[in-house]
Amino acid sequence: MLAQVEGRRRARNPAATREAILAAAQTMMAEHGPQRLTVSDVARRAAVNRGTAYQHFQTREQLVAAVLDRLYRTSKRVREARAPQTVSEYLDGVVEYIVGSPELLRLSLFRMLGGIPNPSEDLWADYLDQVRRFLAPPTGRADIDVEMLAVILLGATMLWALRVQSGAASAAENRRYLRELKRLLLYGAVHPAKRPDLVRALQRSEAPGRRRRGPSPVRIAAGAAHRKDRS
């Protein structure tokens, strides 16, 4: 009886009906992937009339694209709401979000393995633009292939998240992953003297057992780069 009442309420509210369909479809896609999804099955899961569901999404492809687009845009809004102040904080937030979002990871992998086009190409373009701004001279090195670096960063983070979610690594080890990610960026993509926030973040994250006597390698690299820039 309650389900029937909810169904009638959603029928009078197309936006709520669409949201119920998308939420049900996202759950089902995360469980079994998009290939087995049907609009009829989703309608049943969402307690929505099948005809009504087809009014919103005429094909499975339309429904899958809408679910992925909704998921990616929600992810972007959540991450942007945290308002990181530095590049180091931005990297921390992205890694922690992806590691803590199994549905995002699973659906992204299902999409790529299934050869499904990215329904949110503007979000990918926005991500590339962020990386491009991060590497813009004089901060970044002139010979960096921005698009390839962006793919490497995202691919490595997805692989790390898979390890955590499969139990092969713990979420507590994020600190280790982030330390090495920042080290690679600091030594391979940017000029250390131009990114003191990354230098400080890397210094803070150095494990006590790995600290050496004398100046830190990070401090040495930053000082050398600074002297070179001034010469």
# chains A, B, ... in the order shown; residues from 1 in each chain; ligands from 1
>>> closest_atom_pairs(of="region 89-192 of chain A", to="region 18-28 of chain A", cutoff="12 Å", atoms="only C-alpha atoms", output="JSON lines")
{"residue": "A:Pro102", "atom": "CA", "partner": "A:Thr27", "partner_atom": "CA", "distance": 11.2}
{"residue": "A:Glu103", "atom": "CA", "partner": "A:Thr27", "partner_atom": "CA", "distance": 8.0}
{"residue": "A:Leu104", "atom": "CA", "partner": "A:Gln26", "partner_atom": "CA", "distance": 9.6}
{"residue": "A:Arg106", "atom": "CA", "partner": "A:Gln26", "partner_atom": "CA", "distance": 10.6}
{"residue": "A:Leu107", "atom": "CA", "partner": "A:Gln26", "partner_atom": "CA", "distance": 8.3}
{"residue": "A:Ser108", "atom": "CA", "partner": "A:Gln26", "partner_atom": "CA", "distance": 11.6}
{"residue": "A:Phe110", "atom": "CA", "partner": "A:Gln26", "partner_atom": "CA", "distance": 11.9}
>>> residues_around(residues="region 70-87 of chain A", least_positions_apart="3", cutoff="10 Å", atoms="only C-alpha atoms", output="PyMOL selection string")
chain A and resi 19+22-23+26+64-67+90-94+96-98+101+103-104+107-108+118-120+123-124+127+134+182+195+197-198+201
>>> write_last_selection(atoms="C-alpha atoms", output="PDB file, in the first residue's frame")
ATOM      1  CA  GLU A  19      15.486  10.541  -9.679  1.00  0.00           C
ATOM      2  CA  LEU A  22      18.273   6.848 -11.813  1.00  0.00           C
ATOM      3  CA  ALA A  23      18.959   5.837  -8.203  1.00  0.00           C
ATOM      4  CA  GLN A  26      22.814   3.161 -10.423  1.00  0.00           C
ATOM      5  CA  VAL A  64      23.066   4.152 -18.674  1.00  0.00           C
ATOM      6  CA  ALA A  65      24.379   7.478 -20.012  1.00  0.00           C
ATOM      7  CA  ALA A  66      22.087   9.420 -17.656  1.00  0.00           C
ATOM      8  CA  VAL A  67      23.224   7.381 -14.638  1.00  0.00           C
ATOM      9  CA  TYR A  90      43.200  18.991  -3.643  1.00  0.00           C
ATOM     10  CA  LEU A  91      45.147  15.765  -4.245  1.00  0.00           C
ATOM     11  CA  ASP A  92      44.266  14.525  -0.754  1.00  0.00           C
ATOM     12  CA  GLY A  93      40.576  15.171  -1.379  1.00  0.00           C
ATOM     13  CA  VAL A  94      40.466  13.490  -4.802  1.00  0.00           C
ATOM     14  CA  GLU A  96      40.166  10.025  -0.450  1.00  0.00           C
ATOM     15  CA  TYR A  97      36.955  10.538  -2.419  1.00  0.00           C
ATOM     16  CA  ILE A  98      37.729   7.925  -5.066  1.00  0.00           C
ATOM     17  CA  SER A 101      33.383   5.743  -3.488  1.00  0.00           C
ATOM     18  CA  GLU A 103      30.114   2.746  -6.884  1.00  0.00           C
ATOM     19  CA  LEU A 104      31.978   5.512  -8.712  1.00  0.00           C
ATOM     20  CA  LEU A 107      30.737   2.060 -12.726  1.00  0.00           C
ATOM     21  CA  SER A 108      33.715   3.863 -14.245  1.00  0.00           C
ATOM     22  CA  ASN A 118      31.883   9.051 -21.679  1.00  0.00           C
ATOM     23  CA  PRO A 119      28.585  10.951 -21.325  1.00  0.00           C
ATOM     24  CA  SER A 120      30.340  13.816 -19.525  1.00  0.00           C
ATOM     25  CA  LEU A 123      33.932  17.150 -17.078  1.00  0.00           C
ATOM     26  CA  TRP A 124      36.966  15.400 -18.568  1.00  0.00           C
ATOM     27  CA  TYR A 127      39.860  17.999 -15.389  1.00  0.00           C
ATOM     28  CA  PHE A 134      48.735  23.335 -12.455  1.00  0.00           C
ATOM     29  CA  LYS A 182      53.275  14.176  -4.573  1.00  0.00           C
ATOM     30  CA  ARG A 195      55.399  24.701  -5.331  1.00  0.00           C
ATOM     31  CA  ASP A 197      53.001  23.779  -0.594  1.00  0.00           C
ATOM     32  CA  LEU A 198      53.954  20.430  -2.123  1.00  0.00           C
ATOM     33  CA  ALA A 201      53.335  18.495   2.409  1.00  0.00           C
TER      34      ALA A 201
END
>>> closest_residue(among="A:Gly167, A:Gly155, A:Gly33, A:Pro117", to="Gln62 (chain A)", atoms="only C-alpha atoms")
A:Pro117
>>> residues_around(residues="region 47-51 of chain A", least_positions_apart="3", cutoff="8 Å", atoms="only C-alpha atoms", output="JSON, numbers by chain")
{"A": [3, 7, 17, 21, 39, 40, 43, 44, 54, 55]}
>>> write_last_selection(atoms="C-alpha atoms", output="PDB file, in the first residue's frame")
ATOM      1  CA  ALA A   3       4.625   1.653  -2.303  1.00  0.00           C
ATOM      2  CA  GLY A   7       4.266   5.647  -6.791  1.00  0.00           C
ATOM      3  CA  THR A  17      10.219   9.867 -10.701  1.00  0.00           C
ATOM      4  CA  ILE A  21      14.694   5.590 -11.715  1.00  0.00           C
ATOM      5  CA  VAL A  39      14.471  -0.249 -18.347  1.00  0.00           C
ATOM      6  CA  SER A  40      11.758  -2.703 -17.288  1.00  0.00           C
ATOM      7  CA  ALA A  43      11.188   0.362 -13.258  1.00  0.00           C
ATOM      8  CA  ARG A  44      10.338  -2.639 -11.119  1.00  0.00           C
ATOM      9  CA  TYR A  54      10.039   4.449 -20.804  1.00  0.00           C
ATOM     10  CA  GLN A  55       8.709   8.000 -21.027  1.00  0.00           C
TER      11      GLN A  55
END
>>> residues_around(residues="Met158 (chain A)", least_positions_apart="3", cutoff="8 Å", atoms="only C-alpha atoms", output="PyMOL selection string")
chain A and resi 98-99+105+154-155+161-162
>>> atom_distance(atom1="CA of Ala125 (chain A)", atom2="CA of Ala150 (chain A)")
10.7 Å
>>> residues_around(residues="Glu147 (chain A)", least_positions_apart="5", cutoff="10 Å", atoms="only C-alpha atoms", output="number ranges by chain")
A: 125, 127-129, 131-132, 152
>>> atom_distance(atom1="CA of Asp69 (chain A)", atom2="CA of Leu178 (chain A)")
27.5 Å
